[in-house]
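One structure below.
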Amino acid sequence: MPSDLNPAERLLNLVIALVNTNAAMTKQQVRTAVAGYADAPSDEAFERMFERDKDMLRALGVPVVTVGTGGHTDELGYRIDQDAYALPPIDLTPAELGVLSLAAQFWQDKTLQTDITRAMVKLRAAGAGDPSVDALAGLAPSVRAVGDAYGPLMEAIEARRAVRFAYRAAYNGAVLTRHVEPWRIAARDGGWYLMAFDRDRQAPRVFRLSRIESRVRVTGPAGAYDIPDVDTDVMLGKAHGEVRQAVVAVRPERASALRARGKPVPDGERQAWLARLPADGGADGSTPTGWDVLEVPFRSVTGMASEAAGYGAAVVVLEPAPVREETVRRLRAAAALGGARG
Amino acid sequence: MAERADDRLLRLLGIVAYLDGAGPVPVEELARRFGTTPAQIQKDVDALWVSGTPGYWPDDLIDFDAASIDRGVVHLTEARGMTRPLRLGTREAVALVAALRAMKATGAVQADPARSAVVESALGKLTDATGEAANAVDVRLAPGGDRQVVSVLAAALAAGHRLRIRYVSSSDVVSEREVDPQRLHTQDEFAYLAAWCYRAGAPRTFRVDRILDAVETDVPVQEHPGQQAEIDFAALFAGGSSPLATIRFAPRARWFAEEVPVESVRNLPDGDFEVTLRVTNPGWLRSTLIQLAPYVRAVAPSALAEDVAGAARAALAVYEAAGDGPGATDVTEVAGASGAAFSPDRH
């Protein structure tokens, strides 16, 4: 046999040997019989090589199981149980495979791309036909990169191990080391979050991944905790309150994005709302013109106020009072940014 | 860059398992299926050919029909028991299932029952095959705009028809355009339509929630020079040589640094932070700084600060004329009073 096998070919021969062995192979048998291992220069080098190869196979979903060889020695044997690693029959149609191919483009992170590419290689090996992308022509969903924290956090969630990292608090900007038990990684509204049990606070907490300022270290033993069945949106506080209506006056042709969500107030109420606005150009005290009055649905007072303030003088909030107050607060703060204060 | 050993091993095992079920397959087809080159498939076959069970006598080895290989066809004759495709690992299943669940919930998929059905069935088969539900990762993308608009966009994309749209820019300017739709890209908090815009005579990217109205015409889309296959988000946000602005924020506005493409972020000792960004869209920046004003500590250059303050003062003038008195510091009291005094009688 060639002695200069590259690692992939050595691994291939190891898998074939351990699948085909009658009972199990001892380490010594692997070293002497399996192509690629004989050239290990020392016992230590062989041990390292074999351990690394076992880890790599486990990561690929090919677990090497350890069994007693029986008899007189306490030496361990190794084999691969094919039933444990085989993919159950999965009969994908071309359209479904097309959907999966599109899913493969979903992730921006290299680690996730690697995971999904491997999944696709396995599924393609299962004999599925050629993908047809017709069903989803022109669609391209994707999510922004999770970042480096993904790898260790997934490892921790899989093994139920705790992690620690340095985290910048949003309310005062201080950076502290946090010790948490990771439950789930979630993406909402363009942000990535970790849902976890905070060991320091002894309570569930949500962390924004972009505020993690160090590497995530996986610490402590496996199986250290259970992951409860939590609702992502409840935990992230995105289960918003009820929808309410704001009434806003809008300059003609302006704030079209706001108009698209709202609808004009009934004709009978329009005049009463307009009476609350200053008369245009100081005319003869008649009701102001040059405004449309809309009802716009909103959930968050600060969100609605922020949007309205962003339109400057093109939008005036009439109701409800908390939205109006919050809008005015933002405008006052913005006015104070200029040099000529007052 | 050399291929990683684990990725190559996966393909080597995949090729054997696939060929065992598929029979003779041309090299090109195999390359396409496993996303590699015909030359690499040849190397893979050469490696497989000398691999097998210990002993490595001819009968121990994976074998191919040599005459077929010469004709460019890979014909497996001995698999040495490696006939079963590998199951998906937890991480692989998580990556696929989370992506499919997120796709299922996008407006563009929901708008079309046929699409929903195929995503649903793919998801079902996958979760059957992977066993446990992969809950470790939960992604939800933007709803992606008005349902009516999204279904028109999706229909036009599928049929390859030109669209007539009414669009409001981030600077609040409305325009009517005819566009050849190319791709509907749902990314995080927004969905984007990539299209050839006849008004601009160039490729343009439109945010779907800013498309006020869309009508599918019966004109087929055309080929356009210089049209890109992918949306280049970096280019979309890149500032190029636009002027720089520097803004100091209180910690509560941290999301600005996280979600807006900025040139640099500097964390200050007291927890404040300072971002530098290129001003590509002054209207958008003015509007955003007013929205965030309670958390803005300083803006440079001063012309930008003055621009923001001026827009805010113009708006305050309207509120003040309407009863929210000038100079009031206790906003709650003032606005509360005006709210009570002016509430129209509603039924």
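Just so we're on the same page: first chain in the structure tokens is A, next is B, and so on; residues restart at 1 for each chain, and ligands are numbered from 1 in the order they show up.
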When you look at stretch 41-55 of chain A with a cut-off of 9 Å (counting only C-alpha atoms), what residues show up, excluding the ones that are within fewer than 4 positions of it in the same chain? I need them as a PyMOL selection string. chain A and resi 7+10-11+14+27+30-31+37+59-60+62-64
Near-B:Asp272 list (9 Å; only C-alpha atoms; drop same-chain fewer than 5 positions) as an MDAnalysis selection string: (chainID A and resid 172:173) or (chainID B and resid 248:252 254 266:267 297)
Generate a file of the selected residues that holds all heavy atoms, formatted as a compact mmCIF listing (two decimals), in the first residue's frame.
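Listing of out_27.txt after writing:
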```txt
# COMPACT_ATOMS: atom_id res chain seq x y z
N ASN A 172 -25.70 50.89 30.37
CA ASN A 172 -24.64 51.79 30.82
C ASN A 172 -23.31 51.57 30.11
O ASN A 172 -22.33 52.24 30.40
CB ASN A 172 -24.45 51.65 32.33
CG ASN A 172 -23.99 50.26 32.71
OD1 ASN A 172 -23.81 49.41 31.84
ND2 ASN A 172 -23.80 50.03 33.98
N GLY A 173 -23.28 50.64 29.17
CA GLY A 173 -22.07 50.44 28.39
C GLY A 173 -20.95 49.70 29.12
O GLY A 173 -19.88 49.53 28.57
N ARG B 248 -21.59 61.00 18.43
CA ARG B 248 -21.39 60.37 19.73
C ARG B 248 -22.76 60.05 20.33
O ARG B 248 -23.63 60.91 20.41
CB ARG B 248 -20.62 61.31 20.65
CG ARG B 248 -20.40 60.72 22.01
CD ARG B 248 -19.46 61.60 22.82
NE ARG B 248 -19.43 61.12 24.18
CZ ARG B 248 -18.43 61.36 25.02
NH1 ARG B 248 -17.41 62.09 24.62
NH2 ARG B 248 -18.46 60.90 26.25
N PHE B 249 -22.92 58.76 20.73
CA PHE B 249 -24.21 58.30 21.24
C PHE B 249 -24.10 57.86 22.69
O PHE B 249 -23.04 57.40 23.14
CB PHE B 249 -24.69 57.07 20.46
CG PHE B 249 -25.17 57.34 19.06
CD1 PHE B 249 -24.38 57.01 17.97
CD2 PHE B 249 -26.42 57.89 18.84
CE1 PHE B 249 -24.82 57.23 16.68
CE2 PHE B 249 -26.87 58.12 17.54
CZ PHE B 249 -26.07 57.78 16.46
N ALA B 250 -25.22 57.93 23.41
CA ALA B 250 -25.34 57.28 24.72
C ALA B 250 -25.50 55.77 24.48
O ALA B 250 -25.89 55.35 23.39
CB ALA B 250 -26.55 57.83 25.46
N PRO B 251 -25.20 54.93 25.50
CA PRO B 251 -25.23 53.47 25.31
C PRO B 251 -26.57 52.94 24.76
O PRO B 251 -26.58 51.96 24.03
CB PRO B 251 -24.99 52.92 26.72
CG PRO B 251 -24.30 54.01 27.46
CD PRO B 251 -24.77 55.30 26.86
N ARG B 252 -27.68 53.61 25.10
CA ARG B 252 -28.98 53.09 24.69
C ARG B 252 -29.15 53.04 23.19
O ARG B 252 -30.02 52.34 22.67
CB ARG B 252 -30.11 53.95 25.29
CG ARG B 252 -30.23 53.81 26.79
CD ARG B 252 -30.73 52.42 27.17
NE ARG B 252 -32.12 52.25 26.82
CZ ARG B 252 -33.10 52.55 27.65
NH1 ARG B 252 -32.86 53.02 28.84
NH2 ARG B 252 -34.35 52.36 27.27
N ARG B 254 -27.07 51.85 21.09
CA ARG B 254 -26.09 50.90 20.60
C ARG B 254 -26.50 50.26 19.27
O ARG B 254 -25.69 49.95 18.42
CB ARG B 254 -25.88 49.84 21.69
CG ARG B 254 -25.06 48.63 21.38
CD ARG B 254 -23.58 48.77 21.21
NE ARG B 254 -22.84 49.60 22.11
CZ ARG B 254 -21.53 49.86 21.92
NH1 ARG B 254 -20.88 49.32 20.91
NH2 ARG B 254 -20.89 50.64 22.73
N ARG B 266 -16.04 53.58 18.08
CA ARG B 266 -15.06 53.73 19.15
C ARG B 266 -15.82 53.72 20.47
O ARG B 266 -16.73 54.52 20.68
CB ARG B 266 -14.31 55.05 18.99
CG ARG B 266 -13.02 55.15 19.78
CD ARG B 266 -12.10 56.20 19.16
NE ARG B 266 -12.68 57.54 19.23
CZ ARG B 266 -12.48 58.36 20.25
NH1 ARG B 266 -11.72 58.00 21.27
NH2 ARG B 266 -13.02 59.57 20.26
N ASN B 267 -15.48 52.76 21.34
CA ASN B 267 -16.12 52.71 22.65
C ASN B 267 -15.40 53.64 23.59
O ASN B 267 -14.18 53.59 23.72
CB ASN B 267 -16.11 51.27 23.19
CG ASN B 267 -17.05 50.39 22.41
OD1 ASN B 267 -18.19 50.78 22.14
ND2 ASN B 267 -16.59 49.22 22.03
N ARG B 297 -25.29 62.59 21.75
CA ARG B 297 -24.57 63.55 22.61
C ARG B 297 -23.92 64.65 21.77
O ARG B 297 -23.84 65.78 22.21
CB ARG B 297 -23.47 62.83 23.38
CG ARG B 297 -23.96 61.64 24.15
CD ARG B 297 -24.11 61.97 25.62
NE ARG B 297 -23.93 60.80 26.43
CZ ARG B 297 -24.82 60.38 27.33
NH1 ARG B 297 -25.94 61.05 27.52
NH2 ARG B 297 -24.58 59.30 28.03
```
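In this model, the gap between atom CA of B:Arg71 and atom CA of B:Val27 comes to 9.4 Å.
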Need the shell around B:Asp59: protein/DNA/RNA residues with any atom at most 10 Å away, counting only C-alpha atoms. Skip same-chain ones fewer than 6 positions apart. Format as a ChimeraX atom specification? /B:52-53,78,80
Write out the residues from the selection above, keeping C-alpha atoms, as an mmCIF file, in the first residue's frame.
```cif
data_model
loop_
_atom_site.group_PDB
_atom_site.id
_atom_site.type_symbol
_atom_site.label_atom_id
_atom_site.label_comp_id
_atom_site.auth_asym_id
_atom_site.auth_seq_id
_atom_site.Cartn_x
_atom_site.Cartn_y
_atom_site.Cartn_z
ATOM 1 C CA GLY B 52 -10.847 -0.993 1.058
ATOM 2 C CA THR B 53 -10.621 -3.384 3.968
ATOM 3 C CA GLU B 78 -17.858 -3.240 -5.547
ATOM 4 C CA ARG B 80 -17.288 -2.897 0.204
#
```
Write out as a ChimeraX atom specification which residues come within 9 Å of A:Leu87 when counting only C-alpha atoms, dropping same-chain ones fewer than 3 positions away. /A:83-84,90,122-123,126 /B:84-88,129-130
With N, CA and C atoms kept, could you save the residues just selected as a PDB file, in the first residue's frame?
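Heads up, here's the output in selection.pdb:
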```pdb
ATOM      1  N   ASP A  83     -26.005   0.985  11.138  1.00  0.00           N
ATOM      2  CA  ASP A  83     -27.394   1.371  11.365  1.00  0.00           C
ATOM      3  C   ASP A  83     -27.489   2.703  12.095  1.00  0.00           C
ATOM      4  N   ALA A  84     -26.490   2.962  12.948  1.00  0.00           N
ATOM      5  CA  ALA A  84     -26.535   4.203  13.731  1.00  0.00           C
ATOM      6  C   ALA A  84     -26.205   5.408  12.870  1.00  0.00           C
ATOM      7  N   ILE A  90     -35.174   9.094   2.592  1.00  0.00           N
ATOM      8  CA  ILE A  90     -35.789  10.416   2.474  1.00  0.00           C
ATOM      9  C   ILE A  90     -36.000  10.657   0.992  1.00  0.00           C
ATOM     10  N   LYS A 122     -24.713  14.927   1.798  1.00  0.00           N
ATOM     11  CA  LYS A 122     -25.340  13.694   2.279  1.00  0.00           C
ATOM     12  C   LYS A 122     -26.678  13.442   1.578  1.00  0.00           C
ATOM     13  N   LEU A 123     -27.463  14.502   1.431  1.00  0.00           N
ATOM     14  CA  LEU A 123     -28.766  14.325   0.795  1.00  0.00           C
ATOM     15  C   LEU A 123     -28.625  13.988  -0.683  1.00  0.00           C
ATOM     16  N   ALA A 126     -27.933  10.468  -1.133  1.00  0.00           N
ATOM     17  CA  ALA A 126     -29.091   9.597  -0.908  1.00  0.00           C
ATOM     18  C   ALA A 126     -29.889   9.400  -2.188  1.00  0.00           C
TER      19      ALA A 126
ATOM     20  N   ARG B  84     -24.670   2.910   2.461  1.00  0.00           N
ATOM     21  CA  ARG B  84     -25.690   3.719   3.132  1.00  0.00           C
ATOM     22  C   ARG B  84     -25.258   5.176   3.218  1.00  0.00           C
ATOM     23  N   PRO B  85     -26.098   6.093   2.760  1.00  0.00           N
ATOM     24  CA  PRO B  85     -25.755   7.509   2.935  1.00  0.00           C
ATOM     25  C   PRO B  85     -25.735   7.874   4.421  1.00  0.00           C
ATOM     26  N   LEU B  86     -24.906   8.852   4.786  1.00  0.00           N
ATOM     27  CA  LEU B  86     -24.773   9.234   6.195  1.00  0.00           C
ATOM     28  C   LEU B  86     -25.982  10.020   6.670  1.00  0.00           C
ATOM     29  N   ARG B  87     -26.337   9.816   7.929  1.00  0.00           N
ATOM     30  CA  ARG B  87     -27.406  10.639   8.495  1.00  0.00           C
ATOM     31  C   ARG B  87     -26.892  12.054   8.716  1.00  0.00           C
ATOM     32  N   LEU B  88     -27.822  12.990   8.898  1.00  0.00           N
ATOM     33  CA  LEU B  88     -27.427  14.368   9.139  1.00  0.00           C
ATOM     34  C   LEU B  88     -27.031  14.536  10.598  1.00  0.00           C
ATOM     35  N   ALA B 129     -36.639  12.718   8.921  1.00  0.00           N
ATOM     36  CA  ALA B 129     -35.357  12.030   8.759  1.00  0.00           C
ATOM     37  C   ALA B 129     -34.363  12.377   9.857  1.00  0.00           C
ATOM     38  N   THR B 130     -34.502  13.574  10.443  1.00  0.00           N
ATOM     39  CA  THR B 130     -33.508  13.976  11.431  1.00  0.00           C
ATOM     40  C   THR B 130     -33.989  13.728  12.853  1.00  0.00           C
TER      41      THR B 130
END
```
Report the residues of stretch 89-318 of chain B whose backbone DSSP state falls under strand (DSSP E), written as a PyMOL selection string. chain B and resi 137-139+161-168+174-187+190-197+202-207+211-220+244-249+264-267+273-278+296-300
Give me the residues within 9 Å of B:Ser51 as a PyMOL selection string, counting only C-alpha atoms and dropping any in the same chain fewer than 4 places off. (chain A and resi 9-10+12-13+16+35) or (chain B and resi 47+56+60-63)
Take the residues that were just selected and, keeping N, CA and C atoms, output them as an mmCIF file, in the first residue's frame.
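So selection.cif came out as:
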```
data_model
loop_
_atom_site.group_PDB
_atom_site.id
_atom_site.type_symbol
_atom_site.label_atom_id
_atom_site.label_comp_id
_atom_site.auth_asym_id
_atom_site.auth_seq_id
_atom_site.Cartn_x
_atom_site.Cartn_y
_atom_site.Cartn_z
ATOM 1 N N GLU A 9 -7.978 10.059 2.667
ATOM 2 C CA GLU A 9 -7.912 8.658 2.242
ATOM 3 C C GLU A 9 -7.672 7.740 3.444
ATOM 4 N N ARG A 10 -6.881 8.203 4.421
ATOM 5 C CA ARG A 10 -6.677 7.420 5.642
ATOM 6 C C ARG A 10 -8.008 7.246 6.373
ATOM 7 N N LEU A 12 -10.981 7.405 5.108
ATOM 8 C CA LEU A 12 -11.838 6.536 4.309
ATOM 9 C C LEU A 12 -11.531 5.073 4.605
ATOM 10 N N ASN A 13 -10.249 4.739 4.637
ATOM 11 C CA ASN A 13 -9.875 3.360 4.921
ATOM 12 C C ASN A 13 -10.248 2.952 6.349
ATOM 13 N N ILE A 16 -14.039 2.239 6.280
ATOM 14 C CA ILE A 16 -14.340 0.961 5.619
ATOM 15 C C ILE A 16 -13.944 -0.204 6.518
ATOM 16 N N ALA A 35 -4.636 1.107 6.211
ATOM 17 C CA ALA A 35 -3.755 1.915 5.372
ATOM 18 C C ALA A 35 -3.673 3.335 5.896
ATOM 19 N N ALA B 47 -8.682 7.543 -5.772
ATOM 20 C CA ALA B 47 -8.467 7.281 -4.341
ATOM 21 C C ALA B 47 -9.355 6.131 -3.871
ATOM 22 N N TYR B 56 -6.016 -5.295 1.713
ATOM 23 C CA TYR B 56 -5.909 -4.508 0.483
ATOM 24 C C TYR B 56 -5.499 -5.358 -0.719
ATOM 25 N N ASP B 60 -10.379 -6.992 -1.707
ATOM 26 C CA ASP B 60 -10.702 -6.167 -0.540
ATOM 27 C C ASP B 60 -11.080 -4.746 -0.933
ATOM 28 N N LEU B 61 -10.871 -4.369 -2.190
ATOM 29 C CA LEU B 61 -10.939 -2.958 -2.580
ATOM 30 C C LEU B 61 -12.270 -2.576 -3.222
ATOM 31 N N ILE B 62 -12.602 -1.326 -3.045
ATOM 32 C CA ILE B 62 -13.705 -0.744 -3.812
ATOM 33 C C ILE B 62 -13.300 -0.829 -5.282
ATOM 34 N N ASP B 63 -14.265 -1.179 -6.139
ATOM 35 C CA ASP B 63 -13.864 -1.409 -7.538
ATOM 36 C C ASP B 63 -14.814 -0.724 -8.518
#
```
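Between atom CA of A:Gly61 and atom CA of B:Gly89 the separation is 4.9 Å.
Those residues that approach stretch 304-316 of chain A to within 6 Å, counting only C-alpha atoms, are Val248, Ala249, Val250, Arg251, Val323, Glu326 and Thr327 of chain A; Ser287, Ile290, Gln291, Ala311, Ala312, Ala314 and Ala315 of chain B; same-chain residues fewer than 6 positions away are not listed.
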Close residues, A:Tyr193 itself excluded, 8 Å, only C-alpha atoms, min 4 positions apart in chain, as JSON, numbers by chain: {"A": [185, 186, 187, 188, 206, 207, 208, 209]}
List every residue of stretch 55-282 of chain B that DSSP, applied to the backbone, labels as alpha helix (DSSP H), and write the result as a PyMOL selection string. chain B and resi 66-70+90-104+107-110+113-130+147-159+233-237+254-259+282
